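Asker: data-v8.pdb (PDB, C-alpha atoms, pLDDT in the B column) pasted underneath:
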```pdb
MODEL        1
ATOM      1  CA  MET I  42      11.079 -13.283  -9.125  1.00 53.00           C
ATOM      2  CA  ASN I  43      13.738 -11.208  -7.380  1.00 58.00           C
ATOM      3  CA  ASN I  44      14.829  -9.733 -10.729  1.00 64.00           C
ATOM      4  CA  TYR I  45      11.227  -8.772 -11.575  1.00 66.00           C
ATOM      5  CA  PHE I  46      10.751  -7.221  -8.154  1.00 70.00           C
ATOM      6  CA  ARG I  47      13.931  -5.190  -8.597  1.00 74.00           C
ATOM      7  CA  LYS I  48      12.821  -3.995 -12.041  1.00 77.00           C
ATOM      8  CA  LEU I  49       9.588  -2.778 -10.510  1.00 82.00           C
ATOM      9  CA  PHE I  50      11.560  -0.053  -8.740  1.00 85.00           C
ATOM     10  CA  GLU I  51      14.230   0.735 -11.351  1.00 85.00           C
ATOM     11  CA  GLY I  52      14.283   3.569 -13.837  1.00 86.00           C
ATOM     12  CA  ARG I  53      12.258   6.712 -14.246  1.00 88.00           C
ATOM     13  CA  ILE I  54       8.726   7.572 -15.265  1.00 88.00           C
ATOM     14  CA  ASP I  55       7.438  10.922 -16.410  1.00 87.00           C
ATOM     15  CA  ARG I  56       4.269  12.689 -15.371  1.00 88.00           C
ATOM     16  CA  THR I  57       2.080  11.120 -18.058  1.00 87.00           C
ATOM     17  CA  ASP I  58       3.203   7.596 -17.126  1.00 87.00           C
ATOM     18  CA  TYR I  59       2.474   8.429 -13.496  1.00 90.00           C
ATOM     19  CA  LEU I  60      -1.006   9.635 -14.448  1.00 90.00           C
ATOM     20  CA  GLY I  61      -1.530   6.466 -16.492  1.00 89.00           C
ATOM     21  CA  GLY I  62      -0.565   4.385 -13.462  1.00 90.00           C
ATOM     22  CA  LEU I  63      -3.063   6.295 -11.322  1.00 91.00           C
ATOM     23  CA  VAL I  64      -5.785   5.654 -13.906  1.00 91.00           C
ATOM     24  CA  VAL I  65      -4.973   1.918 -13.868  1.00 90.00           C
ATOM     25  CA  MET I  66      -5.179   1.972 -10.056  1.00 90.00           C
ATOM     26  CA  PHE I  67      -8.534   3.798 -10.179  1.00 91.00           C
ATOM     27  CA  VAL I  68      -9.989   1.299 -12.662  1.00 92.00           C
ATOM     28  CA  ALA I  69      -8.699  -1.658 -10.618  1.00 90.00           C
ATOM     29  CA  THR I  70     -10.257  -0.188  -7.475  1.00 88.00           C
ATOM     30  CA  TRP I  71     -13.539   0.384  -9.266  1.00 89.00           C
ATOM     31  CA  ILE I  72     -13.571  -3.237 -10.496  1.00 88.00           C
ATOM     32  CA  MET I  73     -12.787  -4.585  -7.011  1.00 82.00           C
ATOM     33  CA  VAL I  74     -15.506  -2.495  -5.364  1.00 81.00           C
ATOM     34  CA  SER I  75     -17.994  -3.437  -8.105  1.00 82.00           C
ATOM     35  CA  LEU I  76     -17.143  -7.099  -7.609  1.00 77.00           C
ATOM     36  CA  GLY I  77     -17.879  -6.687  -3.914  1.00 72.00           C
ATOM     37  CA  ASP I  78     -21.235  -5.126  -4.746  1.00 72.00           C
ATOM     38  CA  ILE I  79     -22.065  -7.878  -7.233  1.00 72.00           C
ATOM     39  CA  LEU I  80     -21.209 -10.542  -4.659  1.00 66.00           C
ATOM     40  CA  ASP I  81     -23.121  -8.453  -2.113  1.00 62.00           C
ATOM     41  CA  VAL I  82     -20.293  -8.595   0.387  1.00 56.00           C
ATOM     42  CA  GLY I  83     -19.881  -5.606   2.534  1.00 53.00           C
ATOM     43  CA  ILE I  84     -19.862  -4.337   6.055  1.00 50.00           C
ATOM     44  CA  ARG I  85     -23.638  -4.577   6.240  1.00 52.00           C
ATOM     45  CA  ASN I  86     -23.369  -8.359   5.732  1.00 50.00           C
ATOM     46  CA  ILE I  87     -20.775  -9.115   8.393  1.00 52.00           C
ATOM     47  CA  ASN I  88     -23.489 -10.077  10.875  1.00 51.00           C
ATOM     48  CA  GLN I  89     -25.056 -12.410   8.304  1.00 52.00           C
ATOM     49  CA  VAL I  90     -21.966 -14.445   7.376  1.00 47.00           C
ATOM     50  CA  HIS I  91     -22.890 -17.303   9.681  1.00 47.00           C
ATOM     51  CA  THR I  92     -24.491 -19.123   6.745  1.00 47.00           C
ATOM     52  CA  SER I  93     -22.136 -21.417   4.872  1.00 46.00           C
ATOM     53  CA  VAL I  94     -22.581 -19.765   1.451  1.00 47.00           C
ATOM     54  CA  GLY I  95     -22.312 -16.253   2.860  1.00 53.00           C
ATOM     55  CA  SER I  96     -19.208 -17.023   4.873  1.00 59.00           C
ATOM     56  CA  VAL I  97     -17.450 -18.675   1.927  1.00 60.00           C
ATOM     57  CA  THR I  98     -18.254 -15.709  -0.327  1.00 67.00           C
ATOM     58  CA  PHE I  99     -17.185 -13.212   2.299  1.00 69.00           C
ATOM     59  CA  VAL I 100     -13.951 -15.019   3.187  1.00 74.00           C
ATOM     60  CA  THR I 101     -13.057 -15.554  -0.483  1.00 77.00           C
ATOM     61  CA  TYR I 102     -13.669 -11.896  -1.241  1.00 75.00           C
ATOM     62  CA  LEU I 103     -11.696 -10.890   1.851  1.00 78.00           C
ATOM     63  CA  VAL I 104      -8.702 -12.995   0.746  1.00 83.00           C
ATOM     64  CA  PHE I 105      -8.821 -11.533  -2.776  1.00 83.00           C
ATOM     65  CA  PHE I 106      -9.247  -8.038  -1.362  1.00 82.00           C
ATOM     66  CA  CYS I 107      -6.187  -8.434   0.879  1.00 86.00           C
ATOM     67  CA  LEU I 108      -4.128  -9.686  -2.081  1.00 89.00           C
ATOM     68  CA  PHE I 109      -5.431  -6.796  -4.172  1.00 88.00           C
ATOM     69  CA  LEU I 110      -4.556  -4.307  -1.435  1.00 87.00           C
ATOM     70  CA  GLY I 111      -1.006  -5.652  -1.195  1.00 89.00           C
ATOM     71  CA  LEU I 112      -0.497  -5.423  -4.961  1.00 89.00           C
ATOM     72  CA  TYR I 113      -2.182  -2.009  -5.005  1.00 88.00           C
ATOM     73  CA  PHE I 114       0.217  -0.539  -2.445  1.00 88.00           C
ATOM     74  CA  LEU I 115       3.207  -2.213  -4.120  1.00 89.00           C
ATOM     75  CA  PHE I 116       2.236  -0.649  -7.449  1.00 90.00           C
ATOM     76  CA  PHE I 117       1.614   2.767  -5.857  1.00 89.00           C
ATOM     77  CA  PHE I 118       4.943   2.586  -4.036  1.00 90.00           C
ATOM     78  CA  SER I 119       6.648   1.616  -7.314  1.00 90.00           C
ATOM     79  CA  LEU I 120       5.108   4.598  -9.116  1.00 90.00           C
ATOM     80  CA  ASN I 121       6.325   6.984  -6.430  1.00 90.00           C
ATOM     81  CA  VAL I 122       9.836   5.494  -6.317  1.00 91.00           C
ATOM     82  CA  ARG I 123      10.255   5.823 -10.077  1.00 90.00           C
ATOM     83  CA  ARG I 124       8.813   9.347 -10.003  1.00 90.00           C
ATOM     84  CA  LEU I 125      11.374  10.292  -7.343  1.00 90.00           C
ATOM     85  CA  HIS I 126      14.047   8.811  -9.593  1.00 90.00           C
ATOM     86  CA  ASP I 127      12.839  11.153 -12.326  1.00 89.00           C
ATOM     87  CA  TRP I 128      13.476  14.078  -9.975  1.00 90.00           C
ATOM     88  CA  GLY I 129      16.969  12.715  -9.244  1.00 88.00           C
ATOM     89  CA  HIS I 130      16.209  11.577  -5.689  1.00 89.00           C
ATOM     90  CA  SER I 131      16.535   8.178  -4.073  1.00 87.00           C
ATOM     91  CA  GLY I 132      13.395   6.066  -4.001  1.00 85.00           C
ATOM     92  CA  TRP I 133      13.954   5.452  -0.307  1.00 87.00           C
ATOM     93  CA  TRP I 134      12.417   8.880   0.342  1.00 85.00           C
ATOM     94  CA  SER I 135       9.042   7.353  -0.495  1.00 85.00           C
ATOM     95  CA  VAL I 136       9.346   5.267   2.674  1.00 84.00           C
ATOM     96  CA  LEU I 137       8.676   8.534   4.501  1.00 83.00           C
ATOM     97  CA  ILE I 138       5.197   8.815   2.965  1.00 79.00           C
ATOM     98  CA  PRO I 139       3.500   6.272   5.276  1.00 79.00           C
ATOM     99  CA  ILE I 140       5.444   7.640   8.250  1.00 83.00           C
ATOM    100  CA  VAL I 141       4.276  11.193   7.505  1.00 79.00           C
ATOM    101  CA  VAL I 142       0.689   9.993   6.994  1.00 76.00           C
ATOM    102  CA  ILE I 143       0.743   8.203  10.364  1.00 79.00           C
ATOM    103  CA  LEU I 144       2.361  11.132  12.203  1.00 80.00           C
ATOM    104  CA  VAL I 145      -0.022  13.691  10.718  1.00 77.00           C
ATOM    105  CA  SER I 146      -2.949  11.376  11.528  1.00 75.00           C
ATOM    106  CA  VAL I 147      -1.848  10.985  15.125  1.00 76.00           C
ATOM    107  CA  PHE I 148      -1.137  14.650  15.794  1.00 75.00           C
ATOM    108  CA  GLU I 149      -3.555  16.413  13.453  1.00 71.00           C
ATOM    109  CA  GLY I 150      -6.136  13.795  12.544  1.00 69.00           C
ATOM    110  CA  ARG I 151      -5.769  14.611   8.846  1.00 69.00           C
ATOM    111  CA  GLY I 152      -3.113  12.210   7.623  1.00 65.00           C
ATOM    112  CA  LEU I 153      -4.767  11.385   4.341  1.00 69.00           C
ATOM    113  CA  VAL I 154      -4.308  15.004   3.241  1.00 76.00           C
ATOM    114  CA  VAL I 155      -0.655  14.109   2.578  1.00 75.00           C
ATOM    115  CA  LEU I 156      -1.496  11.650  -0.230  1.00 78.00           C
ATOM    116  CA  PRO I 157      -3.365  14.091  -2.522  1.00 83.00           C
ATOM    117  CA  ILE I 158      -0.609  16.672  -2.009  1.00 83.00           C
ATOM    118  CA  MET I 159       1.999  14.075  -2.979  1.00 84.00           C
ATOM    119  CA  ILE I 160      -0.002  13.024  -6.044  1.00 86.00           C
ATOM    120  CA  ILE I 161      -0.451  16.634  -7.159  1.00 88.00           C
ATOM    121  CA  LEU I 162       3.273  17.300  -6.740  1.00 87.00           C
ATOM    122  CA  ASN I 163       4.107  14.186  -8.753  1.00 87.00           C
ATOM    123  CA  LEU I 164       1.811  15.375 -11.526  1.00 88.00           C
ATOM    124  CA  LEU I 165       2.985  18.997 -11.586  1.00 90.00           C
ATOM    125  CA  VAL I 166       6.737  18.933 -10.946  1.00 87.00           C
ATOM    126  CA  LYS I 167       8.778  18.145 -14.024  1.00 87.00           C
ATOM    127  CA  GLY I 168      11.645  15.671 -13.728  1.00 86.00           C
ATOM    128  CA  GLN I 169      15.294  16.306 -14.457  1.00 86.00           C
ATOM    129  CA  SER I 170      16.116  16.763 -18.103  1.00 85.00           C
ATOM    130  CA  GLY I 171      18.664  14.500 -19.709  1.00 84.00           C
ATOM    131  CA  VAL I 172      20.305  11.519 -18.090  1.00 84.00           C
ATOM    132  CA  ASN I 173      20.611  11.214 -14.330  1.00 87.00           C
ATOM    133  CA  LYS I 174      21.946   8.356 -12.199  1.00 86.00           C
ATOM    134  CA  TYR I 175      18.614   6.498 -12.493  1.00 84.00           C
ATOM    135  CA  GLY I 176      18.467   6.428 -16.269  1.00 82.00           C
ATOM    136  CA  GLU I 177      17.467   8.370 -19.334  1.00 83.00           C
ATOM    137  CA  GLN I 178      14.714  10.929 -19.416  1.00 78.00           C
ATOM    138  CA  SER I 179      11.499   9.577 -20.867  1.00 72.00           C
ATOM    139  CA  ASN I 180       9.839  11.634 -23.548  1.00 65.00           C
ATOM    140  CA  GLU I 181       6.584  12.997 -22.134  1.00 54.00           C
ATOM    141  CA  ARG I 182       5.241  14.011 -25.527  1.00 49.00           C
ATOM    142  CA  ARG I 183       5.224  10.466 -26.844  1.00 50.00           C
ATOM    143  CA  HIS I 184       2.293   9.535 -24.613  1.00 49.00           C
ATOM    144  CA  THR I 185      -0.030  12.504 -24.793  1.00 46.00           C
ATOM    145  CA  LEU I 186      -2.607  12.904 -27.530  1.00 43.00           C
ATOM    146  CA  LYS I 187      -0.585  10.977 -30.124  1.00 44.00           C
ATOM    147  CA  ILE I 188      -1.561   7.665 -28.581  1.00 42.00           C
ATOM    148  CA  LEU I 189      -5.221   8.584 -28.146  1.00 42.00           C
ATOM    149  CA  PHE I 190      -5.737  10.339 -31.476  1.00 43.00           C
ATOM    150  CA  ARG I 191      -3.516   8.788 -34.116  1.00 42.00           C
ATOM    151  CA  PRO I 192      -4.100  10.169 -37.612  1.00 41.00           C
TER
ENDMDL
END
```
Please express the file's structure as structure tokens.
Answerer:
Amino acid sequence: MNNYFRKLFEGRIDRTDYLGGLVVMFVATWIMVSLGDILDVGIRNINQVHTSVGSVTFVTYLVFFCLFLGLYFLFFFSLNVRRLHDWGHSGWWSVLIPIVVILVSVFEGRGLVVLPIMIILNLLVKGQSGVNKYGEQSNERRHTLKILFRP
């Protein structure tokens, strides 16, 4: 388990892999929200969870949602660490992201503006060419339209 966890944060990913990871996260979020709608669990039902069936459904969904949220942030953190590795920087810089979000939220009230800026930068800024201390450069062209439209 420790080896798998370590591999989650090793190496480099290019911009297309980062975009693919964001798409996976979007689809997973959509499925989780849709599941909540199908089970009809939401904020509007919190006052109605005193029934045994409703409370079991709500608590079960809440447990799965918390597990999903933990895995979601772990995956997002992993994407950002490996993207920083592609730029040649330590992944520990991504620890600053939540700190900056909290500080901007406290002082400006707009902390979530930091996340889209970070995502846009990760999608636009090209990584270091060649080999750096985090590994070999991944070939961005291998993922683009060749995978989607093979002859």
Asker: Between I:Val136, I:Leu125, I:Ala69, I:Ile160, single out the one closest to I:Asp55, counting all atoms listed in the file.
Answerer: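 For I:Asp55, the nearest of the candidates is I:Leu125.
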Asker: Taking only C-alpha atoms into account, name the residue in I:Tyr59, I:Trp134, I:Phe50, I:Phe118 that is nearest to I:Leu164.
Answerer: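 Residue with the minimum atom-to-atom distance to I:Leu164: I:Tyr59.
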Asker: Identify which of the residues I:Leu156, I:Ser146, I:Tyr113, I:Arg123 lies closest to I:Val68, counting all atoms listed in the file when measuring atom-to-atom distances.
Answerer: I:Tyr113
Asker: Specify as a VMD selection string each residue included when the PyMOL selection byres ((chain I and resi 179) around 12) is applied to this file.
Answerer: chain I and resid 52 to 59 123 to 124 126 to 128 167 to 173 175 to 178 180 to 184
Asker: From the options I:Ile161, I:Val155, I:Leu108, I:Leu49, which residue's atoms come nearest to I:Val141, counting all atoms listed in the file?
Answerer: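 Among the listed residues, I:Val155 lies closest to I:Val141.
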Asker: Between I:Tyr102, I:Ser119, I:Ile143, I:Thr70, which has the minimum distance to I:Arg47 (counting only C-alpha atoms)?
Answerer: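 Looking only at the distances to I:Arg47, the closest residue turns out to be I:Ser119.
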Asker: When the PyMOL selection byres ((chain I and resi 73) around 12) is applied to the file above, which residues end up in the set, as a tab-separated table (two decimals) with C-alpha atoms, in the frame of the given file?
Answerer:
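Ended up saving to result.tsv:
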```
chain	number	residue	atom	x	y	z
I	66	MET	CA	-5.18	1.97	-10.06
I	67	PHE	CA	-8.53	3.80	-10.18
I	68	VAL	CA	-9.99	1.30	-12.66
I	69	ALA	CA	-8.70	-1.66	-10.62
I	70	THR	CA	-10.26	-0.19	-7.48
I	71	TRP	CA	-13.54	0.38	-9.27
I	72	ILE	CA	-13.57	-3.24	-10.50
I	74	VAL	CA	-15.51	-2.50	-5.36
I	75	SER	CA	-17.99	-3.44	-8.10
I	76	LEU	CA	-17.14	-7.10	-7.61
I	77	GLY	CA	-17.88	-6.69	-3.91
I	78	ASP	CA	-21.24	-5.13	-4.75
I	79	ILE	CA	-22.06	-7.88	-7.23
I	80	LEU	CA	-21.21	-10.54	-4.66
I	82	VAL	CA	-20.29	-8.60	0.39
I	83	GLY	CA	-19.88	-5.61	2.53
I	102	TYR	CA	-13.67	-11.90	-1.24
I	103	LEU	CA	-11.70	-10.89	1.85
I	105	PHE	CA	-8.82	-11.53	-2.78
I	106	PHE	CA	-9.25	-8.04	-1.36
I	107	CYS	CA	-6.19	-8.43	0.88
I	108	LEU	CA	-4.13	-9.69	-2.08
I	109	PHE	CA	-5.43	-6.80	-4.17
I	110	LEU	CA	-4.56	-4.31	-1.44
I	113	TYR	CA	-2.18	-2.01	-5.00
```
Asker: Provide the atom CA of I:Phe46 to atom CA of I:Leu115 distance in Å, to one decimal place.
Answerer: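 Between these atoms lies a distance of 9.9 Å.
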Asker: Once you add 8 Å to each side, what are the centre and edge lengths of the axis-aligned box holding all listed atoms of stretch 108-121 of chain I? One decimal in Å, as AutoDock Vina command-line options, if you can.
Answerer:
```
--center_x 0.6 --center_y -1.4 --center_z -5.2 --size_x 28.1 --size_y 32.7 --size_z 23.9
```
Asker: Could you jot down the atom CA of I:Leu63 to atom CA of I:Phe117 separation for me, Å, one decimal place?
Answerer: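 Here the two named atoms are 8.0 Å from each other.
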Asker: What's the separation between atom CA of I:Leu112 and atom CA of I:Ser131, in Å to one decimal place?
Answerer: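 According to the coordinates, atom CA of I:Leu112 and atom CA of I:Ser131 are separated by 21.8 Å.
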Asker: Please determine, counting only C-alpha atoms, which residue among I:Val142, I:Val147, I:Gly62, I:His130 has the shortest atom-to-atom distance to I:Phe116.
Answerer: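 Going through I:Val142, I:Val147, I:Gly62, I:His130 one by one, the smallest distance to I:Phe116 is for I:Gly62.
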